[in-house]
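This is query25.txt (compact mmCIF, C-alpha atoms and all ligand atoms).
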# COMPACT_ATOMS: atom_id res chain seq x y z
CA MET A 284 -22.59 90.34 63.28
CA SER A 285 -19.06 88.94 63.49
CA ARG A 286 -16.86 89.82 66.41
CA LEU A 287 -13.77 91.88 65.83
CA ILE A 288 -10.57 92.22 67.84
CA VAL A 289 -8.80 95.56 67.35
CA LEU A 290 -5.27 96.27 68.56
CA ALA A 291 -5.08 99.96 69.45
CA SER A 292 -1.40 100.40 68.65
CA ARG A 293 1.02 101.74 66.10
CA SER A 294 3.81 99.54 67.45
CA PRO A 295 5.01 96.88 64.98
CA ARG A 296 6.27 94.89 67.97
CA ARG A 297 2.82 94.71 69.57
CA LYS A 298 1.35 93.54 66.25
CA TYR A 299 3.99 90.82 66.04
CA LEU A 300 3.39 89.76 69.66
CA LEU A 301 -0.41 89.57 69.34
CA GLU A 302 0.04 87.44 66.22
CA LEU A 303 1.83 84.90 68.43
CA LEU A 304 -1.55 84.22 70.12
CA ASN A 305 -2.91 83.12 66.74
CA LEU A 306 -5.80 85.59 66.87
CA LYS A 307 -7.38 87.39 63.94
CA PHE A 308 -7.32 91.13 64.55
CA SER A 309 -7.12 94.51 62.88
CA ILE A 310 -4.99 97.47 63.88
CA GLU A 311 -5.89 101.07 64.49
CA SER A 312 -3.61 103.51 66.26
CA SER A 313 -4.96 105.94 68.80
CA SER A 314 -4.11 109.60 68.56
CA CYS A 315 -4.58 110.26 72.27
CA ASP A 316 -2.11 112.27 74.28
CA GLU A 317 0.46 110.07 76.09
CA THR A 318 1.36 112.51 78.86
CA TYR A 319 1.22 111.65 82.55
CA SER A 320 1.96 113.21 85.88
CA ASN A 321 5.07 112.06 87.74
CA ASN A 322 3.01 112.09 90.96
CA GLU A 323 1.00 109.09 89.81
CA GLN A 324 2.07 105.52 90.56
CA PRO A 325 3.76 103.93 87.50
CA SER A 326 1.33 101.01 87.61
CA ASP A 327 -1.60 103.46 87.45
CA ILE A 328 0.05 105.46 84.64
CA VAL A 329 0.52 102.48 82.31
CA GLN A 330 -3.00 101.19 82.94
CA ASN A 331 -4.56 104.65 82.44
CA LEU A 332 -2.62 105.25 79.21
CA ALA A 333 -3.53 101.78 77.94
CA LEU A 334 -7.18 102.50 78.72
CA HIS A 335 -7.08 105.89 76.96
CA LYS A 336 -5.71 104.23 73.82
CA ALA A 337 -8.29 101.44 73.91
CA MET A 338 -11.23 103.78 74.68
CA ASP A 339 -10.18 106.17 71.92
CA VAL A 340 -10.08 103.40 69.30
CA SER A 341 -13.30 101.77 70.61
CA GLU A 342 -15.37 104.75 69.41
CA GLY A 343 -17.63 103.66 66.57
CA LYS A 344 -16.67 99.98 66.92
CA PHE A 345 -19.46 97.41 67.05
CA SER A 346 -19.26 94.01 68.79
CA SER A 347 -15.55 94.52 69.29
CA LEU A 348 -12.79 93.84 71.74
CA VAL A 349 -10.22 96.63 71.71
CA ILE A 350 -6.79 95.99 73.24
CA GLY A 351 -4.54 98.89 74.29
CA ALA A 352 -1.15 98.77 76.02
CA ASP A 353 1.53 101.03 77.39
CA THR A 354 5.08 100.26 78.53
CA LEU A 355 7.32 102.26 80.89
CA VAL A 356 10.67 101.61 82.55
CA VAL A 357 11.02 102.40 86.26
CA ASP A 358 14.57 102.87 87.52
CA ASN A 359 14.86 103.44 91.28
CA GLU A 360 11.37 104.99 91.41
CA LYS A 361 12.18 107.24 88.42
CA ILE A 362 9.96 106.77 85.38
CA LEU A 363 11.74 106.49 82.02
CA GLY A 364 9.61 106.81 78.90
CA LYS A 365 10.87 107.23 75.35
CA PRO A 366 13.91 109.52 75.03
CA ASN A 367 13.46 112.94 73.44
CA SER A 368 17.00 113.12 72.08
CA ALA A 369 20.10 111.00 71.53
CA ASP A 370 21.71 112.62 74.57
CA GLU A 371 18.74 111.71 76.73
CA ALA A 372 18.92 108.13 75.41
CA LYS A 373 22.61 107.97 76.40
CA SER A 374 21.93 109.26 79.90
CA MET A 375 19.04 106.77 80.38
CA LEU A 376 21.30 103.88 79.35
CA ALA A 377 24.05 105.13 81.69
CA LYS A 378 21.51 105.11 84.55
CA LEU A 379 20.39 101.56 83.71
CA SER A 380 23.99 100.26 83.47
CA ASP A 381 25.10 97.74 86.12
CA ASP A 382 21.75 97.87 87.89
CA ARG A 383 18.26 96.39 87.90
CA HIS A 384 15.10 98.16 86.78
CA LYS A 385 11.44 97.34 86.31
CA VAL A 386 9.54 97.24 83.04
CA LEU A 387 5.80 97.75 83.47
CA THR A 388 3.25 97.14 80.76
CA GLY A 389 -0.36 98.12 81.37
CA VAL A 390 -3.01 96.47 79.22
CA ALA A 391 -6.62 97.56 78.72
CA LEU A 392 -9.44 95.43 77.31
CA VAL A 393 -12.59 97.24 76.17
CA LYS A 394 -15.66 95.45 74.82
CA THR A 395 -18.40 97.13 72.79
CA ASP A 396 -21.88 95.84 72.01
CA SER A 397 -23.64 95.60 68.65
CA GLU A 398 -24.66 99.28 68.88
CA GLY A 399 -21.16 100.52 69.67
CA ASN A 400 -21.73 101.13 73.39
CA ILE A 401 -19.06 100.23 75.95
CA LEU A 402 -20.12 96.92 77.46
CA GLN A 403 -17.21 96.17 79.79
CA LYS A 404 -13.65 97.30 80.39
CA GLU A 405 -10.75 96.13 82.49
CA THR A 406 -7.07 96.84 82.93
CA PHE A 407 -4.14 94.97 84.40
CA VAL A 408 -0.42 95.51 84.76
CA GLU A 409 2.51 93.14 84.47
CA GLU A 410 5.99 93.76 85.86
CA THR A 411 9.31 92.29 84.71
CA ILE A 412 12.64 92.96 86.44
CA VAL A 413 15.59 93.43 84.08
CA TYR A 414 19.23 93.23 85.20
CA PHE A 415 21.71 95.16 83.04
CA GLY A 416 25.44 94.47 82.93
CA LYS A 417 27.94 97.30 83.12
CA LEU A 418 27.94 99.32 79.89
CA THR A 419 30.96 101.27 78.69
CA SER A 420 30.38 104.73 77.25
CA GLU A 421 31.56 103.38 73.89
CA GLU A 422 28.90 100.66 73.96
CA ILE A 423 26.25 103.24 74.87
CA ASN A 424 27.36 105.61 72.11
CA ASP A 425 27.43 102.80 69.53
CA TYR A 426 23.97 101.58 70.51
CA VAL A 427 22.43 105.05 70.39
CA GLN A 428 24.08 105.74 67.02
CA ASP A 429 23.39 102.41 65.31
CA GLY A 430 20.51 100.90 67.26
CA SER A 431 16.92 102.00 67.56
CA PRO A 432 16.49 103.47 71.07
CA MET A 433 14.29 106.45 70.20
CA ASP A 434 10.89 104.74 70.04
CA LYS A 435 11.46 102.62 73.13
CA ALA A 436 10.80 103.18 76.81
CA GLY A 437 14.15 103.30 78.65
CA SER A 438 15.98 103.79 75.31
CA TYR A 439 16.64 100.10 74.61
CA GLY A 440 14.99 97.12 73.00
CA ILE A 441 15.70 93.80 74.71
CA GLN A 442 14.87 92.20 71.35
CA ASP A 443 17.47 94.27 69.46
CA ASP A 444 20.91 92.77 68.69
CA TRP A 445 22.78 95.14 70.99
CA GLY A 446 19.93 95.33 73.49
CA ALA A 447 20.33 91.62 74.11
CA ILE A 448 24.00 92.16 74.91
CA PHE A 449 23.11 94.59 77.73
CA VAL A 450 20.73 92.26 79.53
CA LYS A 451 22.23 89.80 82.04
CA ARG A 452 18.95 88.26 83.14
CA ILE A 453 15.30 88.97 83.69
CA GLU A 454 12.64 87.93 86.22
CA GLY A 455 9.21 87.70 84.64
CA ASP A 456 7.71 87.61 81.16
CA TYR A 457 10.15 88.49 78.34
CA TYR A 458 7.28 89.54 76.07
CA ASN A 459 6.18 92.07 78.69
CA VAL A 460 9.47 93.91 78.15
CA VAL A 461 8.93 93.95 74.38
CA GLY A 462 5.46 95.48 74.90
CA LEU A 463 2.73 92.91 75.56
CA PRO A 464 2.62 90.35 78.43
CA LEU A 465 1.38 87.40 76.40
CA TYR A 466 0.83 84.87 79.20
CA ALA A 467 -1.17 87.31 81.37
CA LEU A 468 -3.02 88.66 78.32
CA TYR A 469 -4.15 85.20 77.28
CA GLN A 470 -5.32 84.38 80.83
CA HIS A 471 -7.30 87.65 80.95
CA LEU A 472 -8.82 87.01 77.52
CA LYS A 473 -10.02 83.58 78.67
CA GLU A 474 -11.81 85.21 81.63
CA PHE A 475 -12.90 88.52 80.14
CA ALA A 476 -13.59 87.75 76.51
CA PRO A 477 -13.75 83.99 75.82
CA GLU A 478 -16.23 84.60 72.97
CA PHE A 479 -13.42 86.35 71.07
CA LEU A 480 -11.16 83.29 71.41
CA SER A 481 -13.64 80.61 70.40
CA HIS A 482 -13.44 81.01 66.63
CA ASN A 483 -9.66 81.17 66.84
CA SER A 484 -9.21 78.03 68.86
CA ASP A 485 -7.02 76.08 66.41
CA PRO A 486 -3.55 75.46 67.84
CA PRO A 487 -0.80 77.55 66.23
CA LYS A 488 0.56 75.92 63.07
CA ASP A 489 4.27 75.18 62.74
CA GLU A 490 6.03 77.10 59.99
C1 LIG B 1 12.00 98.28 77.42
C2 LIG B 1 11.53 98.05 76.01
C3 LIG B 1 10.53 98.81 75.42
N1 LIG B 1 10.13 98.57 74.15
C4 LIG B 1 9.04 99.37 73.51
C5 LIG B 1 7.64 98.78 73.73
C6 LIG B 1 6.77 99.95 73.34
O1 LIG B 1 6.49 99.85 71.95
C7 LIG B 1 7.66 101.19 73.59
C8 LIG B 1 7.04 102.05 74.66
O2 LIG B 1 6.12 102.92 74.09
P1 LIG B 1 4.52 102.80 74.21
O3 LIG B 1 4.02 104.20 74.34
O4 LIG B 1 4.15 101.80 75.26
O5 LIG B 1 4.07 102.19 72.81
P2 LIG B 1 4.23 102.73 71.33
O6 LIG B 1 4.17 104.24 71.29
O7 LIG B 1 5.45 102.07 70.73
O8 LIG B 1 2.97 102.13 70.59
P3 LIG B 1 1.39 102.41 70.87
O9 LIG B 1 1.26 103.44 71.97
O10 LIG B 1 0.83 102.88 69.57
O11 LIG B 1 0.85 101.05 71.27
O12 LIG B 1 8.93 100.68 74.01
C9 LIG B 1 10.72 97.56 73.38
O13 LIG B 1 10.36 97.36 72.21
N2 LIG B 1 11.70 96.79 73.95
C10 LIG B 1 12.15 96.98 75.23
O14 LIG B 1 13.05 96.24 75.69

With the file now loaded, output its structure as structure tokens.
Amino acid sequence: MSRLIVLASRSPRRKYLLELLNLKFSIESSSCDETYSNNEQPSDIVQNLALHKAMDVSEGKFSSLVIGADTLVVDNEKILGKPNSADEAKSMLAKLSDDRHKVLTGVALVKTDSEGNILQKETFVEETIVYFGKLTSEEINDYVQDGSPMDKAGSYGIQDDWGAIFVKRIEGDYYNVVGLPLYALYQHLKEFAPEFLSHNSDPPKDE
């Protein structure tokens, strides 16, 4: 039976990022609840949510590797998820202005055997520090009105046109901020699931 990689995500950005590893995979989004308790450590939250997504999608999958991920912003110990309203997006961006914050992405890898049983699972977390410049209220208003903050942790996308204008510098993996830490993921795949890489071992082709 052929081996299958499944990305447990509805995020178009995660699909795009996983494609950069030149792997063949399918996509199935999990319907699990993404709530968490503020008493938990952010690094535990993102890994637990990633694992819930991957475990949920792994049901009924045979000889598969399921990849789940979750991204949160942590600003001075305060966790910022996706905003619930435009006003909340504006206040998140005002908090991030002229300061540094952390972006944490938790990743879960779940392997199933040929009968659909869970064979192995592991999680890891990657942290990137992002430094924002000072944002004027006009810039914040314009971004929230014309940009796409609502589906993003911390209300911004570093990859968006205006998002890029906010960011002075980062420490760590850029792709981790966008939603999937590609360097760490590839290293973990080599250790945890090399059999899923072997038939995809051709180097990426230039466009
Ligand atoms: C900080 C930041 C977050 N994000 C995104 C990454 C994640 O998609 C999103 C955080 O929400 P998540 O719950 O991690 O992911 P999701 O709901 O988009 O997708 P799924 O759970 O189905 O995998 O914020 C950016 O795209 N750019 C950024 O700069």

Identify, counting all atoms listed in the file, the protein, DNA and RNA residues located within 8 Å of ligand LIG 1 (chain B), and give them as a PyMOL selection string. chain A and resi 291-297+312-313+317+329+333+336+351-356+364-365+386+388+434-443+446+460-463

CA of Val349 in chain A and CA of Lys473 in chain A, how far apart in Å? 14.8 Å

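Between CA of Pro432 in chain A and CA of Thr419 in chain A lies a distance of 16.5 Å.
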
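Distances from A:Ile362, A:Val393, A:Leu301, A:Val357 to Ile412 in chain A were compared using all atoms listed in the file, and the smallest one belongs to A:Val357.
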
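For the set A:Ala476, A:Ala447, A:Leu418, A:Ile423, the residue with the smallest atom-to-atom gap to Leu402 in chain A is A:Ala476, counting only C-alpha atoms.
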
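Distance-wise, CA of Glu302 in chain A and CA of Gly455 in chain A end up 20.6 Å apart.
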
Residue with the minimum atom-to-atom distance to Asp327 in chain A, picked from A:Leu304, A:Leu287, A:Val408, A:Asp370 with only C-alpha atoms counted, is A:Val408

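Compared by their closest atoms to Leu332 in chain A, and using only C-alpha atoms, the residues A:Asn459, A:Ser346, A:Ser368, A:Thr406 rank with A:Thr406 nearest.
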
Can you tell me, as a ChimeraX atom specification, what residues are no more than 10 Å from Ala369 in chain A when counting all atoms listed in the file, ignoring any on the same chain fewer than 3 positions away? /A:366,372-375,424,427-428,432-433,438

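Every protein, DNA or RNA residue with an atom at most 9 Å from Ile288 in chain A, where only C-alpha atoms count and chain neighbours fewer than 6 positions away do not, is listed here: A:Leu306, A:Lys307, A:Phe308, A:Ser309, A:Ile310, A:Ser346, A:Ser347, A:Leu348, A:Val349, A:Ile350, A:Phe479.
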
Let me see the file: selected residues, C-alpha atoms, as a PDB file, keeping the file's coordinate frame.
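Listing of selection.pdb after writing:
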ATOM      1  CA  LEU A 306      -5.800  85.590  66.870  1.00  0.00           C
ATOM      2  CA  LYS A 307      -7.380  87.390  63.940  1.00  0.00           C
ATOM      3  CA  PHE A 308      -7.320  91.130  64.550  1.00  0.00           C
ATOM      4  CA  SER A 309      -7.120  94.510  62.880  1.00  0.00           C
ATOM      5  CA  ILE A 310      -4.990  97.470  63.880  1.00  0.00           C
ATOM      6  CA  SER A 346     -19.260  94.010  68.790  1.00  0.00           C
ATOM      7  CA  SER A 347     -15.550  94.520  69.290  1.00  0.00           C
ATOM      8  CA  LEU A 348     -12.790  93.840  71.740  1.00  0.00           C
ATOM      9  CA  VAL A 349     -10.220  96.630  71.710  1.00  0.00           C
ATOM     10  CA  ILE A 350      -6.790  95.990  73.240  1.00  0.00           C
ATOM     11  CA  PHE A 479     -13.420  86.350  71.070  1.00  0.00           C
TER      12      PHE A 479
END

Who sits within 9 Å of Ser380 in chain A, all atoms listed in the file, same chain under 6 positions skipped, as a list in words: Tyr414, Phe415, Gly416, Lys417, Leu418, Thr419 and Phe449 of chain A

Atoms are missing here; could range 440-473 of chain A be completed with N, CA and C atoms and written as a PDB file, keeping the file's coordinate frame?
ATOM      1  N   GLY A 440      15.905  98.197  73.357  1.00  0.00           N
ATOM      2  CA  GLY A 440      14.990  97.120  73.000  1.00  0.00           C
ATOM      3  C   GLY A 440      15.665  95.806  73.347  1.00  0.00           C
ATOM      4  N   ILE A 441      15.084  95.075  74.292  1.00  0.00           N
ATOM      5  CA  ILE A 441      15.700  93.800  74.710  1.00  0.00           C
ATOM      6  C   ILE A 441      15.806  92.869  73.496  1.00  0.00           C
ATOM      7  N   GLN A 442      14.905  93.057  72.531  1.00  0.00           N
ATOM      8  CA  GLN A 442      14.870  92.200  71.350  1.00  0.00           C
ATOM      9  C   GLN A 442      15.880  92.618  70.279  1.00  0.00           C
ATOM     10  N   ASP A 443      16.488  93.797  70.444  1.00  0.00           N
ATOM     11  CA  ASP A 443      17.470  94.270  69.460  1.00  0.00           C
ATOM     12  C   ASP A 443      18.797  93.531  69.658  1.00  0.00           C
ATOM     13  N   ASP A 444      19.633  93.479  68.597  1.00  0.00           N
ATOM     14  CA  ASP A 444      20.910  92.770  68.690  1.00  0.00           C
ATOM     15  C   ASP A 444      21.724  93.278  69.880  1.00  0.00           C
ATOM     16  N   TRP A 445      21.954  94.593  69.907  1.00  0.00           N
ATOM     17  CA  TRP A 445      22.780  95.140  70.990  1.00  0.00           C
ATOM     18  C   TRP A 445      22.037  95.150  72.309  1.00  0.00           C
ATOM     19  N   GLY A 446      20.731  95.335  72.258  1.00  0.00           N
ATOM     20  CA  GLY A 446      19.930  95.330  73.490  1.00  0.00           C
ATOM     21  C   GLY A 446      20.128  94.022  74.239  1.00  0.00           C
ATOM     22  N   ALA A 447      20.173  92.935  73.489  1.00  0.00           N
ATOM     23  CA  ALA A 447      20.330  91.620  74.110  1.00  0.00           C
ATOM     24  C   ALA A 447      21.681  91.511  74.817  1.00  0.00           C
ATOM     25  N   ILE A 448      22.670  92.231  74.307  1.00  0.00           N
ATOM     26  CA  ILE A 448      24.000  92.160  74.910  1.00  0.00           C
ATOM     27  C   ILE A 448      24.037  92.879  76.272  1.00  0.00           C
ATOM     28  N   PHE A 449      23.140  93.846  76.461  1.00  0.00           N
ATOM     29  CA  PHE A 449      23.110  94.590  77.730  1.00  0.00           C
ATOM     30  C   PHE A 449      22.500  93.781  78.869  1.00  0.00           C
ATOM     31  N   VAL A 450      21.599  92.861  78.513  1.00  0.00           N
ATOM     32  CA  VAL A 450      20.730  92.260  79.530  1.00  0.00           C
ATOM     33  C   VAL A 450      21.350  90.973  80.083  1.00  0.00           C
ATOM     34  N   LYS A 451      21.647  90.991  81.399  1.00  0.00           N
ATOM     35  CA  LYS A 451      22.230  89.800  82.040  1.00  0.00           C
ATOM     36  C   LYS A 451      21.162  88.745  82.293  1.00  0.00           C
ATOM     37  N   ARG A 452      20.055  89.190  82.887  1.00  0.00           N
ATOM     38  CA  ARG A 452      18.950  88.260  83.140  1.00  0.00           C
ATOM     39  C   ARG A 452      17.677  89.033  83.411  1.00  0.00           C
ATOM     40  N   ILE A 453      16.569  88.314  83.358  1.00  0.00           N
ATOM     41  CA  ILE A 453      15.300  88.970  83.690  1.00  0.00           C
ATOM     42  C   ILE A 453      14.510  88.074  84.651  1.00  0.00           C
ATOM     43  N   GLU A 454      13.611  88.682  85.402  1.00  0.00           N
ATOM     44  CA  GLU A 454      12.640  87.930  86.220  1.00  0.00           C
ATOM     45  C   GLU A 454      11.265  88.332  85.716  1.00  0.00           C
ATOM     46  N   GLY A 455      10.545  87.378  85.144  1.00  0.00           N
ATOM     47  CA  GLY A 455       9.210  87.700  84.640  1.00  0.00           C
ATOM     48  C   GLY A 455       9.108  87.396  83.159  1.00  0.00           C
ATOM     49  N   ASP A 456       8.048  87.916  82.557  1.00  0.00           N
ATOM     50  CA  ASP A 456       7.710  87.610  81.160  1.00  0.00           C
ATOM     51  C   ASP A 456       8.552  88.465  80.199  1.00  0.00           C
ATOM     52  N   TYR A 457       9.334  87.792  79.352  1.00  0.00           N
ATOM     53  CA  TYR A 457      10.150  88.490  78.340  1.00  0.00           C
ATOM     54  C   TYR A 457       9.279  89.367  77.444  1.00  0.00           C
ATOM     55  N   TYR A 458       8.135  88.809  77.017  1.00  0.00           N
ATOM     56  CA  TYR A 458       7.280  89.540  76.070  1.00  0.00           C
ATOM     57  C   TYR A 458       6.727  90.828  76.683  1.00  0.00           C
ATOM     58  N   ASN A 459       6.631  90.848  78.004  1.00  0.00           N
ATOM     59  CA  ASN A 459       6.180  92.070  78.690  1.00  0.00           C
ATOM     60  C   ASN A 459       7.165  93.215  78.439  1.00  0.00           C
ATOM     61  N   VAL A 460       8.447  92.886  78.381  1.00  0.00           N
ATOM     62  CA  VAL A 460       9.470  93.910  78.150  1.00  0.00           C
ATOM     63  C   VAL A 460       9.353  94.438  76.714  1.00  0.00           C
ATOM     64  N   VAL A 461       9.039  93.553  75.793  1.00  0.00           N
ATOM     65  CA  VAL A 461       8.930  93.950  74.380  1.00  0.00           C
ATOM     66  C   VAL A 461       7.631  94.753  74.129  1.00  0.00           C
ATOM     67  N   GLY A 462       6.638  94.619  75.041  1.00  0.00           N
ATOM     68  CA  GLY A 462       5.460  95.480  74.900  1.00  0.00           C
ATOM     69  C   GLY A 462       4.096  94.867  75.131  1.00  0.00           C
ATOM     70  N   LEU A 463       4.030  93.535  75.320  1.00  0.00           N
ATOM     71  CA  LEU A 463       2.730  92.910  75.560  1.00  0.00           C
ATOM     72  C   LEU A 463       2.946  91.620  76.374  1.00  0.00           C
ATOM     73  N   PRO A 464       2.403  91.549  77.597  1.00  0.00           N
ATOM     74  CA  PRO A 464       2.620  90.350  78.430  1.00  0.00           C
ATOM     75  C   PRO A 464       1.714  89.216  77.964  1.00  0.00           C
ATOM     76  N   LEU A 465       2.243  88.351  77.105  1.00  0.00           N
ATOM     77  CA  LEU A 465       1.380  87.400  76.400  1.00  0.00           C
ATOM     78  C   LEU A 465       0.712  86.378  77.312  1.00  0.00           C
ATOM     79  N   TYR A 466       1.443  85.874  78.320  1.00  0.00           N
ATOM     80  CA  TYR A 466       0.830  84.870  79.200  1.00  0.00           C
ATOM     81  C   TYR A 466      -0.357  85.506  79.943  1.00  0.00           C
ATOM     82  N   ALA A 467      -0.111  86.648  80.591  1.00  0.00           N
ATOM     83  CA  ALA A 467      -1.170  87.310  81.370  1.00  0.00           C
ATOM     84  C   ALA A 467      -2.316  87.732  80.444  1.00  0.00           C
ATOM     85  N   LEU A 468      -1.973  88.223  79.252  1.00  0.00           N
ATOM     86  CA  LEU A 468      -3.020  88.660  78.320  1.00  0.00           C
ATOM     87  C   LEU A 468      -3.937  87.489  77.963  1.00  0.00           C
ATOM     88  N   TYR A 469      -3.336  86.353  77.666  1.00  0.00           N
ATOM     89  CA  TYR A 469      -4.150  85.200  77.280  1.00  0.00           C
ATOM     90  C   TYR A 469      -5.057  84.758  78.428  1.00  0.00           C
ATOM     91  N   GLN A 470      -4.506  84.756  79.661  1.00  0.00           N
ATOM     92  CA  GLN A 470      -5.320  84.380  80.830  1.00  0.00           C
ATOM     93  C   GLN A 470      -6.490  85.354  80.988  1.00  0.00           C
ATOM     94  N   HIS A 471      -6.226  86.651  80.820  1.00  0.00           N
ATOM     95  CA  HIS A 471      -7.300  87.650  80.950  1.00  0.00           C
ATOM     96  C   HIS A 471      -8.333  87.486  79.831  1.00  0.00           C
ATOM     97  N   LEU A 472      -7.874  87.181  78.626  1.00  0.00           N
ATOM     98  CA  LEU A 472      -8.820  87.010  77.520  1.00  0.00           C
ATOM     99  C   LEU A 472      -9.746  85.819  77.787  1.00  0.00           C
ATOM    100  N   LYS A 473      -9.195  84.759  78.384  1.00  0.00           N
ATOM    101  CA  LYS A 473     -10.020  83.580  78.670  1.00  0.00           C
ATOM    102  C   LYS A 473     -11.137  83.932  79.651  1.00  0.00           C
TER     103      LYS A 473
END
